[in-house]
>>> print(open('upload_15.cif').read())   # mmCIF, C-alpha atoms and all ligand atoms; chains and numbers go by the auth columns
data_work
#
loop_
_atom_site.group_PDB
_atom_site.id
_atom_site.type_symbol
_atom_site.label_atom_id
_atom_site.label_comp_id
_atom_site.label_asym_id
_atom_site.label_seq_id
_atom_site.Cartn_x
_atom_site.Cartn_y
_atom_site.Cartn_z
_atom_site.B_iso_or_equiv
_atom_site.auth_seq_id
_atom_site.auth_asym_id
ATOM 1 C CA MET A 1 101.777 94.129 96.263 0.00 1 A
ATOM 2 C CA PRO A 2 102.645 91.979 93.281 0.00 2 A
ATOM 3 C CA PRO A 3 99.762 90.084 91.658 0.00 3 A
ATOM 4 C CA VAL A 4 99.729 86.381 92.547 0.00 4 A
ATOM 5 C CA GLY A 5 100.978 85.436 89.055 0.00 5 A
ATOM 6 C CA ILE A 6 104.253 87.283 89.714 0.00 6 A
ATOM 7 C CA HIS A 7 104.784 85.062 92.763 0.00 7 A
ATOM 8 C CA TYR A 8 104.158 81.897 90.668 0.00 8 A
ATOM 9 C CA LYS A 9 106.682 83.100 88.119 0.00 9 A
ATOM 10 C CA LYS A 10 109.360 83.874 90.693 0.00 10 A
ATOM 11 C CA SER A 11 108.933 80.474 92.362 0.00 11 A
ATOM 12 C CA LEU A 12 109.123 78.788 88.972 0.00 12 A
ATOM 13 C CA GLN A 13 112.361 80.615 88.168 0.00 13 A
ATOM 14 C CA THR A 14 114.000 79.746 91.486 0.00 14 A
ATOM 15 C CA THR A 15 112.667 76.213 92.136 0.00 15 A
ATOM 16 C CA GLY A 16 111.227 74.889 88.876 0.00 16 A
ATOM 17 C CA LYS A 17 107.756 74.807 90.514 0.00 17 A
ATOM 18 C CA GLU A 18 105.093 77.528 90.787 0.00 18 A
ATOM 19 C CA TYR A 19 103.931 76.681 94.323 0.00 19 A
ATOM 20 C CA LYS A 20 100.444 77.926 93.421 0.00 20 A
ATOM 21 C CA GLU A 21 98.930 76.293 96.524 0.00 21 A
ATOM 22 C CA VAL A 22 101.171 78.440 98.777 0.00 22 A
ATOM 23 C CA HIS A 23 100.710 81.726 96.876 0.00 23 A
ATOM 24 C CA ASP A 24 96.954 81.187 96.397 0.00 24 A
ATOM 25 C CA TRP A 25 96.573 80.436 100.108 0.00 25 A
ATOM 26 C CA LEU A 26 98.330 83.729 100.921 0.00 26 A
ATOM 27 C CA ASP A 27 96.571 85.986 98.405 0.00 27 A
ATOM 28 C CA ASN A 28 93.241 84.587 97.224 0.00 28 A
ATOM 29 C CA ASP A 29 90.992 84.828 100.294 0.00 29 A
ATOM 30 C CA PRO A 30 90.347 88.548 100.950 0.00 30 A
ATOM 31 C CA SER A 31 88.948 87.860 104.443 0.00 31 A
ATOM 32 C CA LYS A 32 92.169 86.077 105.509 0.00 32 A
ATOM 33 C CA LYS A 33 94.780 87.812 103.384 0.00 33 A
ATOM 34 C CA ALA A 34 96.042 90.253 106.039 0.00 34 A
ATOM 35 C CA GLU A 35 96.212 87.538 108.705 0.00 35 A
ATOM 36 C CA ARG A 36 98.166 85.237 106.395 0.00 36 A
ATOM 37 C CA HIS A 37 100.696 88.005 105.641 0.00 37 A
ATOM 38 C CA ASP A 38 101.191 88.765 109.359 0.00 38 A
ATOM 39 C CA ILE A 39 104.923 88.300 109.999 0.00 39 A
ATOM 40 C CA THR A 40 104.298 87.456 113.656 0.00 40 A
ATOM 41 C CA LYS A 41 102.592 84.271 112.403 0.00 41 A
ATOM 42 C CA ILE A 42 105.461 83.097 110.185 0.00 42 A
ATOM 43 C CA TYR A 43 106.532 80.403 112.643 0.00 43 A
ATOM 44 C CA GLU A 44 103.025 78.972 113.077 0.00 44 A
ATOM 45 C CA TYR A 45 101.987 79.130 109.402 0.00 45 A
ATOM 46 C CA GLY A 46 105.466 78.221 108.218 0.00 46 A
ATOM 47 C CA LYS A 47 105.375 75.006 110.226 0.00 47 A
ATOM 48 C CA GLU A 48 101.985 74.093 108.721 0.00 48 A
ATOM 49 C CA ILE A 49 103.182 74.816 105.187 0.00 49 A
ATOM 50 C CA GLU A 50 106.372 72.818 105.686 0.00 50 A
ATOM 51 C CA GLU A 51 104.424 69.834 107.062 0.00 51 A
ATOM 52 C CA LYS A 52 101.940 69.969 104.200 0.00 52 A
ATOM 53 C CA TYR A 53 104.156 70.844 101.203 0.00 53 A
ATOM 54 C CA GLY A 54 107.815 70.548 102.294 0.00 54 A
ATOM 55 C CA LYS A 55 110.810 72.733 103.060 0.00 55 A
ATOM 56 C CA GLU A 56 111.016 74.357 99.618 0.00 56 A
ATOM 57 C CA ALA A 57 107.369 75.469 99.952 0.00 57 A
ATOM 58 C CA LEU A 58 108.198 76.998 103.331 0.00 58 A
ATOM 59 C CA GLN A 59 110.972 79.021 101.676 0.00 59 A
ATOM 60 C CA GLN A 60 108.542 80.155 98.953 0.00 60 A
ATOM 61 C CA TYR A 61 106.062 81.285 101.628 0.00 61 A
ATOM 62 C CA ILE A 62 108.792 83.393 103.275 0.00 62 A
ATOM 63 C CA GLU A 63 109.933 84.755 99.878 0.00 63 A
ATOM 64 C CA HIS A 64 106.338 85.736 99.070 0.00 64 A
ATOM 65 C CA ILE A 65 106.020 87.800 102.238 0.00 65 A
ATOM 66 C CA HIS A 66 109.483 89.295 101.698 0.00 66 A
ATOM 67 C CA ASP A 67 108.568 90.352 98.149 0.00 67 A
ATOM 68 C CA ASP A 68 105.245 91.842 99.304 0.00 68 A
ATOM 69 C CA VAL A 69 106.935 93.876 102.062 0.00 69 A
ATOM 70 C CA LYS A 70 109.555 95.122 99.591 0.00 70 A
ATOM 71 C CA ALA A 71 106.920 96.090 96.979 0.00 71 A
ATOM 72 C CA LYS A 72 104.723 97.820 99.572 0.00 72 A
ATOM 73 C CA PHE A 73 107.581 99.943 100.932 0.00 73 A
ATOM 74 C CA LYS A 74 108.762 100.805 97.423 0.00 74 A
ATOM 75 C CA HIS A 75 105.258 102.098 96.708 0.00 75 A
ATOM 76 C CA ILE A 76 105.154 104.059 99.990 0.00 76 A
ATOM 77 C CA GLU A 77 108.563 105.556 99.182 0.00 77 A
ATOM 78 C CA GLU A 78 107.387 106.667 95.713 0.00 78 A
ATOM 79 C CA ASP A 79 104.226 108.239 97.174 0.00 79 A
ATOM 80 C CA MET A 80 106.266 110.005 99.862 0.00 80 A
ATOM 81 C CA HIS A 81 108.749 111.435 97.323 0.00 81 A
ATOM 82 C CA LYS A 82 105.888 112.694 95.186 0.00 82 A
ATOM 83 C CA ALA A 83 104.175 114.294 98.211 0.00 83 A
ATOM 84 C CA ILE A 84 107.436 116.027 99.242 0.00 84 A
ATOM 85 C CA SER A 85 108.069 117.228 95.700 0.00 85 A
ATOM 86 C CA ASP A 86 104.480 118.498 95.296 0.00 86 A
ATOM 87 C CA THR A 87 104.660 120.318 98.650 0.00 87 A
ATOM 88 C CA LEU A 88 108.020 121.956 97.860 0.00 88 A
ATOM 89 C CA GLN A 89 106.635 123.032 94.489 0.00 89 A
ATOM 90 C CA TYR A 90 103.432 124.370 96.067 0.00 90 A
ATOM 91 C CA PHE A 91 105.436 126.650 98.330 0.00 91 A
ATOM 92 C CA GLY A 92 107.766 127.698 95.493 0.00 92 A
ATOM 93 C CA ILE A 93 110.794 126.104 97.093 0.00 93 A
ATOM 94 C CA LYS A 94 111.362 123.703 94.230 0.00 94 A
ATOM 95 C CA ARG A 95 110.438 124.572 90.670 0.00 95 A
ATOM 96 C CA ASP A 96 110.806 121.396 88.591 0.00 96 A
HETATM 97 ZN ZN ZN B . 100.831 88.389 98.987 0.00 101 B
#
>>> encode(input="upload_15.cif", output="structure tokens")
Amino acid sequence: MPPVGIHYKKSLQTTGKEYKEVHDWLDNDPSKKAERHDITKIYEYGKEIEEKYGKEALQQYIEHIHDDVKAKFKHIEEDMHKAISDTLQYFGIKRD
């Protein structure tokens, strides 16, 4: 998943603010990181973030999770393609 600084930068580009408090809350506590990225909790956490920091912060919270999901699946896809390619090569089916 992108480092937290990438999230600051993206928020800055789209809103003019880094929304560090939102991104740090999501990423910087290893014991709560998975729970805070749980998409089944978006409504509950989103409400809290909106009440505390406003509607734009809520959107940045959702964007953060969106970007993490996208990055994670891109990585999984790359690993899967490499595993398929290595396996085909191992059995002599593909030779490049
Ligand atoms: Zn994250």
>>> atom_distance(input="upload_15.cif", atom1="atom CA of A:Val22", atom2="atom CA of A:Tyr53")
8.5 Å
>>> closest_residue(input="upload_15.cif", among="A:Lys55, A:Lys33, A:Lys47, A:Lys10", to="ligand ZN 101 (chain B)", atoms="all atoms listed in the file")
A:Lys33
>>> resolve_selection(input="upload_15.cif", expression="the PyMOL selection byres (((not hetatm)) within 8 of (chain B and resi 101))", output="CSV table (one decimal) with C-alpha atoms, keeping the file's coordinate frame")
chain,number,residue,atom,x,y,z
A,1,MET,CA,101.8,94.1,96.3
A,2,PRO,CA,102.6,92.0,93.3
A,3,PRO,CA,99.8,90.1,91.7
A,4,VAL,CA,99.7,86.4,92.5
A,23,HIS,CA,100.7,81.7,96.9
A,26,LEU,CA,98.3,83.7,100.9
A,27,ASP,CA,96.6,86.0,98.4
A,33,LYS,CA,94.8,87.8,103.4
A,37,HIS,CA,100.7,88.0,105.6
A,64,HIS,CA,106.3,85.7,99.1
A,65,ILE,CA,106.0,87.8,102.2
A,68,ASP,CA,105.2,91.8,99.3
>>> closest_residue(input="upload_15.cif", among="A:Glu63, A:Thr40, A:Gln89, A:Asp79", to="A:Tyr8", atoms="all atoms listed in the file")
A:Glu63
>>> residues_near_point(input="upload_15.cif", point="(108.1, 77.3, 100.0)", cutoff="10 Å", atoms="only C-alpha atoms", output="list in words")
Ser11, Thr15, Lys17, Glu18, Tyr19, Glu21, Val22, His23, Gly46, Ile49, Glu50, Tyr53, Gly54, Lys55, Glu56, Ala57, Leu58, Gln59, Gln60, Tyr61, Ile62, Glu63 and His64 of chain A
>>> atom_distance(input="upload_15.cif", atom1="atom CA of A:His66", atom2="atom CA of A:Ala83")
25.8 Å
>>> atom_distance(input="upload_15.cif", atom1="atom CA of A:Gly16", atom2="atom CA of A:Glu44")
25.9 Å
>>> residues_around(input="upload_15.cif", residues="A:Ser85", least_positions_apart="6", cutoff="12 Å", atoms="only C-alpha atoms", output="ChimeraX atom specification")
/A:78-79,91-96
